[in-house]
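*Asks:* Dropping a structure here in structure tokens format, bear with me for questions.
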Amino acid sequence: MSDLSRRGFLGAAVAATGAAVAGAALPATEAQASPQPGGKNHRFGDIRDIKHVVILMQENRSFDHYFGSLKGVRGFGDRSTITLPGGLSVFQQPTTTPSAPAAATQYPWHLSDAPASAYPAGHQPPSPEVGAQGYGGTSHSWDDQHGAWYGGLMNGWVFAKGGLTTLGYLDRADIPFHYALADAYTVGDAYHCSVLSATGPNRTFLWSGTIDAQQKYSSYVAYNGGDELGKNLLWESYAETLQQAGVTWNVYQCADDYGDNAVEYFATFARLDPAQGGKPAPGNVFYDHGVANVPEPLTGLTANADNLTNAIKADVVAGKLPQVSWVVTNQAFSEHPDGAPNDGAYYVNRVLEALNADPDVFDSTLVIIDYDENDGQFDHVPPPVPAPGAKDEFFYEASGALASAGLTQPLPVGLGFRVPLILISPWTRGGWVTSEVSDHTSVIQFLEKWTGAHGTPAFCPNISAWRRSVCGDLTSAFDFTSPVFGLPKLPSTSVIGDPAGGSYHPPTVTNAMPVQEPGTKRARSLPYQPNANLDGFTDGSAGVVEASLSFSNNGKHVRKASHFAVYDNTAPAPSLADYPAKYPGQYTVDPSHTVWNKTVPGSVQIARGKYDLTVVGPNRFLRHFTGDVTAIGKSAQVEAVYHERGFEAKPKLSLEMANTGTSTVTFTVVPNNYTKERPKTYRVPAHGRATHSADPLASSGGWYDVTVTISGDSTWSRRYVGHLEDGRDSVTG
């Protein structure tokens, strides 16, 4: 199904150009704020102080595309990245097929760098900024999203997306309103779309927690396309769950909703929707709150945004804002290319102003701004996916391009690539970052916890066990003890309008690694403590060696699973027919806060001789192991340990070095980042041991990044990067 099935008319709905409409906010940005004493909106000091949740899902932007250059997040300055086949940085994407050596490469490039004169003749924007704002979208179907992911190797972006636009990005100068929101509130840099696919499946996840990959309800799997128009989805939407629990809710939409109100495609709502052959039923709660449109007296360039926000404002002033609201706009204001981000900023700002029509309402409301999927825009962080076989998490599309190219196995539904998340509330003020792995089901999981706290639990029956284990419920991003009330000063907003005659096509003028703003942000504590070690090697047949790994997720404050992916950097680029055997191994390790030394085994088959292995996990976790199984380094072993004798004390980093050989070996521990300590050496005799100890919580906000080498074997190295958790807030890496 095309991503434009219900949307065909929508690009023309707001085709006017260039009128500027100023918002009411002031130009200054508030990066930090001081706590204010609570009044009637600070009664409990916990999640019950939230009275309203407004979910504002925008369209088709990846995290790196919007926030790769934002200070303090996991963006272009990330040092814990995977290596592409052939040794390239993940940021240096091949422009040829991912199954062959890279003949040419391209880094992410700034969309507004090209002068207007460099655009194609006859379609030049009035300025480079307008050209960047109105660039055309890129492919984002089930096939090409999985093609970009390429089994977790992350090297298929240009090939799968059909051009270099996939690597285009925006920065603070381009989208100042979005950066101001991130500076004033809390941004999530580990929030993923739910499906490696298009808008339809991801919005179905937002409203229900599944696409029914297991085909529990029918033979139809909602895996692709812009919507599920006419499919009459048979499982329960979360709006129905809220209704059964006695929680008030509403979908605010206009007649032009760009097909983005996914609740309408569930059978309960479809039978009331005339666009799907249903019969309108005013007075029916599902029609009134899920299908009906807001009043639309206004016309013109800004009408969709203004009619929506005026309806919200009217309910706020009348004391009728429901407990849960979804707000759905059209293409022009949804930020779906070529919808301008500036126009999305106008719409978001109007929503915030509408809620602030009664400051007590604004001060008791959480606004969740997220994005349904990444369009085809590049992101560098491999999304967590389950090991093959996870229930309701795999689907095989037999008639697609990937199957035609040789794929014979089901592919993971998700997680998809990272997309922006901004949490706007008094309890998320202050320029924080949350790096807890999450996706669209996290919004539902938050609502589950919130409704339960209010005594009206609304539990979603559709979220898979694997997804619940890996994806958080967003609550770790909140501080209910120190709210900061009021709407901060934000940059003014204006409306550009859709480009006349279709999208602009910014030309690529740079090919260099982009720069991220310097500095860190304050970070919320995380509910896991990933660790991984290379334990040794076992000889196999035909020159194959098995590298033995161990994973753990142990700690006093651990309560969520950690996901790990294992990369063999010396292996040649595989074909799709080799999936999943020759692709990165995927491991999900459950939490343990009772057994301090609990481990889960893993392994990877490598060629005898030199090896180069990378293990990545949440929040910049990385292990990098190199060496040669035939060299003297085969007798050197290092184990990273966080807890020596249980969880009584705070975790520390201990590197336990062992020499199983017959000659003395000198280990050298070199700090790479986060500390100014000098390298330390340890002479370890034959069959001897030594321990290097560090206290990152005391010296570097919990962060560590060290490399260990040995004398006599230049191929051997062990790099350890991560963050130690003690249940307290910290800083970003």
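Here's how to read the names in the structure tokens: chain A, B, ... by the order shown, residue numbers from 1 in each chain, ligand numbers from 1 in the order shown.
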For region 148-164 of chain A, please output as a PyMOL selection string all residues within 6 Å (counting only C-alpha atoms; exclusion window: fewer than 2 positions along the same chain).
*Replies:* chain A and resi 95-98+139+144-146+166-167+583
*Asks:* Tell me, counting only C-alpha atoms, for each residue of region 233-338 of chain A within 6 Å of region 455-468 of chain A, which pair of atoms is nearest and how far apart they are in Å to one decimal, in rows ordered by chain and increasing number, as JSON lines.
*Replies:*
{"residue": "A:Thr241", "atom": "CA", "partner": "A:Ala458", "partner_atom": "CA", "distance": 5.8}
{"residue": "A:Leu242", "atom": "CA", "partner": "A:Ala458", "partner_atom": "CA", "distance": 5.6}
{"residue": "A:Ala245", "atom": "CA", "partner": "A:Ala458", "partner_atom": "CA", "distance": 5.5}
*Asks:* Those residues you just picked out, can you put them in a file as a tab-separated table (two decimals), in the first residue's frame with N, CA, C and O atoms?
*Replies:*
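What landed in again.tsv:
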chain	number	residue	atom	x	y	z
A	241	THR	N	-9.69	0.87	25.20
A	241	THR	CA	-9.23	0.47	26.53
A	241	THR	C	-9.49	1.58	27.54
A	241	THR	O	-9.96	1.32	28.66
A	242	LEU	N	-9.20	2.81	27.17
A	242	LEU	CA	-9.46	3.95	28.06
A	242	LEU	C	-10.95	4.08	28.34
A	242	LEU	O	-11.35	4.34	29.50
A	245	ALA	N	-12.07	1.70	30.89
A	245	ALA	CA	-11.55	2.01	32.22
A	245	ALA	C	-12.19	3.25	32.83
A	245	ALA	O	-11.92	3.57	33.99
*Asks:* Which polymer residues have any atom within 7 Å of an atom of region 99-115 of chain A, counting only C-alpha atoms, with same-chain residues fewer than 2 positions away left out, as a PyMOL selection string?
*Replies:* chain A and resi 86+91-97+117-118+128-129+131-132+167-170+506-514+573-575
*Asks:* Can you pull out the residues contacting region 196-202 of chain A? Cut-off 9 Å, using only C-alpha atoms, and skip same-chain residues under 3 positions away; I want them as a ChimeraX atom specification.
*Replies:* /A:3,59-60,139-146,149,193,205-207,210-211,222-228,259-260,262,372-375,412-417,440
*Asks:* Create the file for the chosen residues now, containing N, CA and C atoms and written as a JSON list (two decimals), in the first residue's frame.
*Replies:*
[["chain", "number", "residue", "atom", "x", "y", "z"],
["A", 3, "ASP", "N", 2.19, 4.99, 0.75],
["A", 3, "ASP", "CA", 2.11, 5.86, 1.92],
["A", 3, "ASP", "C", 1.25, 7.08, 1.63],
["A", 59, "GLU", "N", 5.32, 13.87, 12.00],
["A", 59, "GLU", "CA", 5.61, 12.95, 10.90],
["A", 59, "GLU", "C", 7.08, 12.96, 10.46],
["A", 60, "ASN", "N", 7.63, 11.79, 10.27],
["A", 60, "ASN", "CA", 8.71, 11.52, 9.33],
["A", 60, "ASN", "C", 9.99, 12.34, 9.52],
["A", 139, "SER", "N", 12.13, 7.47, 0.55],
["A", 139, "SER", "CA", 11.39, 6.21, 0.66],
["A", 139, "SER", "C", 11.38, 5.72, 2.10],
["A", 140, "HIS", "N", 10.25, 5.12, 2.51],
["A", 140, "HIS", "CA", 10.15, 4.64, 3.89],
["A", 140, "HIS", "C", 9.12, 3.52, 4.01],
["A", 141, "SER", "N", 9.25, 2.52, 3.16],
["A", 141, "SER", "CA", 8.38, 1.36, 3.21],
["A", 141, "SER", "C", 9.02, 0.24, 4.04],
["A", 142, "TRP", "N", 8.28, -0.84, 4.24],
["A", 142, "TRP", "CA", 8.83, -2.02, 4.93],
["A", 142, "TRP", "C", 10.13, -2.47, 4.27],
["A", 143, "ASP", "N", 10.14, -2.57, 2.94],
["A", 143, "ASP", "CA", 11.32, -3.08, 2.25],
["A", 143, "ASP", "C", 12.52, -2.17, 2.39],
["A", 144, "ASP", "N", 12.36, -0.86, 2.12],
["A", 144, "ASP", "CA", 13.56, -0.02, 2.12],
["A", 144, "ASP", "C", 13.99, 0.39, 3.53],
["A", 145, "GLN", "N", 13.08, 0.38, 4.50],
["A", 145, "GLN", "CA", 13.53, 0.60, 5.89],
["A", 145, "GLN", "C", 14.38, -0.57, 6.35],
["A", 146, "HIS", "N", 13.94, -1.79, 6.04],
["A", 146, "HIS", "CA", 14.76, -2.96, 6.37],
["A", 146, "HIS", "C", 16.02, -3.00, 5.50],
["A", 149, "TRP", "N", 18.50, -0.69, 7.19],
["A", 149, "TRP", "CA", 18.96, -1.39, 8.40],
["A", 149, "TRP", "C", 19.90, -2.54, 8.04],
["A", 193, "CYS", "N", 10.97, 4.66, 16.64],
["A", 193, "CYS", "CA", 9.68, 4.29, 16.09],
["A", 193, "CYS", "C", 9.50, 2.78, 16.29],
["A", 205, "PHE", "N", 0.73, 1.19, 15.97],
["A", 205, "PHE", "CA", 1.40, 0.88, 17.23],
["A", 205, "PHE", "C", 1.08, 1.92, 18.29],
["A", 206, "LEU", "N", 1.08, 3.20, 17.93],
["A", 206, "LEU", "CA", 0.79, 4.24, 18.92],
["A", 206, "LEU", "C", -0.59, 4.05, 19.52],
["A", 207, "TRP", "N", -1.57, 3.65, 18.69],
["A", 207, "TRP", "CA", -2.94, 3.54, 19.15],
["A", 207, "TRP", "C", -3.32, 2.14, 19.64],
["A", 210, "THR", "N", 0.51, -2.89, 18.64],
["A", 210, "THR", "CA", 0.86, -4.03, 17.79],
["A", 210, "THR", "C", 0.40, -3.75, 16.36],
["A", 211, "ILE", "N", 0.93, -4.54, 15.42],
["A", 211, "ILE", "CA", 0.39, -4.60, 14.05],
["A", 211, "ILE", "C", -0.13, -6.01, 13.77],
["A", 222, "ALA", "N", -0.69, -5.41, 9.57],
["A", 222, "ALA", "CA", -0.61, -3.99, 9.22],
["A", 222, "ALA", "C", 0.85, -3.54, 9.18],
["A", 223, "TYR", "N", 1.61, -4.10, 8.25],
["A", 223, "TYR", "CA", 3.07, -3.93, 8.27],
["A", 223, "TYR", "C", 3.56, -2.79, 7.38],
["A", 224, "ASN", "N", 2.70, -2.21, 6.52],
["A", 224, "ASN", "CA", 3.22, -1.28, 5.52],
["A", 224, "ASN", "C", 2.15, -0.26, 5.15],
["A", 225, "GLY", "N", 2.56, 0.82, 4.50],
["A", 225, "GLY", "CA", 1.63, 1.78, 3.94],
["A", 225, "GLY", "C", 1.38, 2.99, 4.81],
["A", 226, "GLY", "N", 0.68, 3.98, 4.23],
["A", 226, "GLY", "CA", 0.40, 5.23, 4.92],
["A", 226, "GLY", "C", -0.75, 5.15, 5.89],
["A", 227, "ASP", "N", -1.64, 4.15, 5.73],
["A", 227, "ASP", "CA", -2.76, 4.01, 6.64],
["A", 227, "ASP", "C", -3.33, 2.60, 6.49],
["A", 228, "GLU", "N", -4.35, 2.30, 7.28],
["A", 228, "GLU", "CA", -5.06, 1.03, 7.17],
["A", 228, "GLU", "C", -6.52, 1.28, 6.79],
["A", 259, "GLY", "N", -4.86, 11.35, 6.94],
["A", 259, "GLY", "CA", -4.96, 9.91, 7.20],
["A", 259, "GLY", "C", -4.25, 9.47, 8.45],
["A", 260, "ASP", "N", -3.89, 10.42, 9.32],
["A", 260, "ASP", "CA", -3.03, 10.10, 10.46],
["A", 260, "ASP", "C", -3.79, 9.75, 11.74],
["A", 262, "ALA", "N", -5.10, 7.10, 13.29],
["A", 262, "ALA", "CA", -5.09, 5.65, 13.09],
["A", 262, "ALA", "C", -6.21, 4.95, 13.85],
["A", 372, "ASP", "N", 6.12, 9.70, 14.05],
["A", 372, "ASP", "CA", 5.69, 8.33, 13.78],
["A", 372, "ASP", "C", 6.80, 7.46, 13.22],
["A", 373, "GLU", "N", 7.58, 7.99, 12.30],
["A", 373, "GLU", "CA", 8.72, 7.25, 11.76],
["A", 373, "GLU", "C", 9.73, 8.24, 11.21],
["A", 374, "ASN", "N", 10.82, 7.72, 10.67],
["A", 374, "ASN", "CA", 11.96, 8.56, 10.30],
["A", 374, "ASN", "C", 11.92, 9.02, 8.85],
["A", 375, "ASP", "N", 10.77, 8.79, 8.13],
["A", 375, "ASP", "CA", 10.77, 8.98, 6.68],
["A", 375, "ASP", "C", 11.85, 8.04, 6.14],
["A", 412, "PRO", "N", 12.49, -8.80, 11.63],
["A", 412, "PRO", "CA", 11.90, -8.21, 12.83],
["A", 412, "PRO", "C", 10.99, -7.05, 12.48],
["A", 413, "VAL", "N", 9.89, -6.93, 13.21],
["A", 413, "VAL", "CA", 9.00, -5.79, 13.06],
["A", 413, "VAL", "C", 9.72, -4.51, 13.49],
["A", 414, "GLY", "N", 10.44, -4.57, 14.56],
["A", 414, "GLY", "CA", 11.15, -3.41, 15.10],
["A", 414, "GLY", "C", 12.03, -3.84, 16.25],
["A", 415, "LEU", "N", 12.58, -2.94, 16.95],
["A", 415, "LEU", "CA", 12.28, -1.51, 16.91],
["A", 415, "LEU", "C", 12.76, -0.87, 15.61],
["A", 416, "GLY", "N", 12.14, 0.26, 15.29],
["A", 416, "GLY", "CA", 12.60, 1.03, 14.16],
["A", 416, "GLY", "C", 13.70, 2.00, 14.56],
["A", 417, "PHE", "N", 14.02, 2.90, 13.64],
["A", 417, "PHE", "CA", 15.09, 3.87, 13.88],
["A", 417, "PHE", "C", 14.66, 4.93, 14.89],
["A", 440, "HIS", "N", 6.91, 3.72, 20.57],
["A", 440, "HIS", "CA", 5.54, 4.20, 20.67],
["A", 440, "HIS", "C", 4.74, 3.45, 21.73]]
*Asks:* Under the rule that only C-alpha atoms are counted, which of A:Gly646, A:Pro601, A:Gly209, A:Pro125 is the nearest residue to Ser237 (chain A)?
*Replies:*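 Using only C-alpha atoms, the shortest distance to Ser237 (chain A) belongs to A:Gly209.
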*Asks:* Quick one: everything within 8 Å of region 650-653 of chain A, counting only C-alpha atoms, minus sequence neighbours fewer than 6 positions away in the same chain. Send it as a VMD selection string.
*Replies:* chain A and resid 640 to 643 693 to 697 724 to 726
*Asks:* For the residues in the current selection, export N, CA and C atoms as a compact mmCIF listing (two decimals), in the first residue's frame.
*Replies:*
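Written output follows (out_22.txt):
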# COMPACT_ATOMS: atom_id res chain seq x y z
N ALA A 640 35.64 -7.16 32.71
CA ALA A 640 35.09 -5.96 33.33
C ALA A 640 34.07 -6.37 34.38
N VAL A 641 34.22 -5.83 35.60
CA VAL A 641 33.36 -6.19 36.73
C VAL A 641 32.88 -4.90 37.39
N TYR A 642 31.58 -4.85 37.74
CA TYR A 642 31.02 -3.68 38.41
C TYR A 642 30.82 -3.91 39.91
N HIS A 643 30.57 -5.13 40.30
CA HIS A 643 30.22 -5.43 41.69
C HIS A 643 31.12 -6.57 42.18
N SER A 693 41.35 -0.68 39.07
CA SER A 693 40.10 -0.19 39.66
C SER A 693 39.92 1.29 39.37
N ALA A 694 38.68 1.67 39.13
CA ALA A 694 38.34 3.07 38.91
C ALA A 694 36.97 3.33 39.50
N ASP A 695 36.71 4.60 39.80
CA ASP A 695 35.44 4.98 40.41
C ASP A 695 34.80 6.08 39.56
N PRO A 696 34.21 5.72 38.40
CA PRO A 696 33.63 6.74 37.51
C PRO A 696 32.53 7.57 38.15
N LEU A 697 31.78 7.00 39.08
CA LEU A 697 30.72 7.77 39.73
C LEU A 697 31.29 8.95 40.51
N LEU A 724 27.97 3.90 34.65
CA LEU A 724 27.54 3.20 35.85
C LEU A 724 26.34 3.92 36.45
N GLU A 725 25.35 3.14 36.84
CA GLU A 725 24.11 3.68 37.39
C GLU A 725 24.04 3.44 38.90
N ASP A 726 23.59 4.45 39.62
CA ASP A 726 23.39 4.29 41.07
C ASP A 726 22.01 4.79 41.50
*Asks:* Record the distance separating CA of Arg350 (chain A) and CA of Ile55 (chain A), expressed in Å with one decimal.
*Replies:*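 So the answer is 14.4 Å.
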*Asks:* Write out as a ChimeraX atom specification the residues lying within 10 Å of Asp590 (chain A), counting only C-alpha atoms and excluding same-chain residues fewer than 5 positions away.
*Replies:* /A:469-470,528,552-554,558-563,599-600
*Asks:* Once you have the residues from the selection above, write them out as a PDB file, in the first residue's frame, restricted to C-alpha atoms.
*Replies:*
ATOM      1  CA  SER A 469      10.948  -6.038  28.544  1.00  0.00           C
ATOM      2  CA  VAL A 470      13.105  -3.660  26.480  1.00  0.00           C
ATOM      3  CA  TYR A 528      19.682  -1.031  33.500  1.00  0.00           C
ATOM      4  CA  SER A 552      24.944  -9.194  32.212  1.00  0.00           C
ATOM      5  CA  ASN A 553      22.433  -6.632  33.419  1.00  0.00           C
ATOM      6  CA  ASN A 554      22.849  -6.614  37.177  1.00  0.00           C
ATOM      7  CA  VAL A 558      18.067  -2.417  37.458  1.00  0.00           C
ATOM      8  CA  ARG A 559      14.495  -3.155  36.395  1.00  0.00           C
ATOM      9  CA  LYS A 560      14.511  -3.291  32.565  1.00  0.00           C
ATOM     10  CA  ALA A 561      16.161  -5.640  30.079  1.00  0.00           C
ATOM     11  CA  SER A 562      19.335  -4.598  28.270  1.00  0.00           C
ATOM     12  CA  HIS A 563      19.669  -5.325  24.592  1.00  0.00           C
ATOM     13  CA  THR A 599      25.544 -13.698  33.234  1.00  0.00           C
ATOM     14  CA  VAL A 600      24.020 -14.877  29.966  1.00  0.00           C
TER      15      VAL A 600
END
*Asks:* Skip Gly137 (chain A) itself and residues of its chain fewer than 5 positions away, then list as number ranges by chain all residues within 9 Å of it, counting only C-alpha atoms.
*Replies:* A: 60, 165-166, 336-338, 375-377, 503
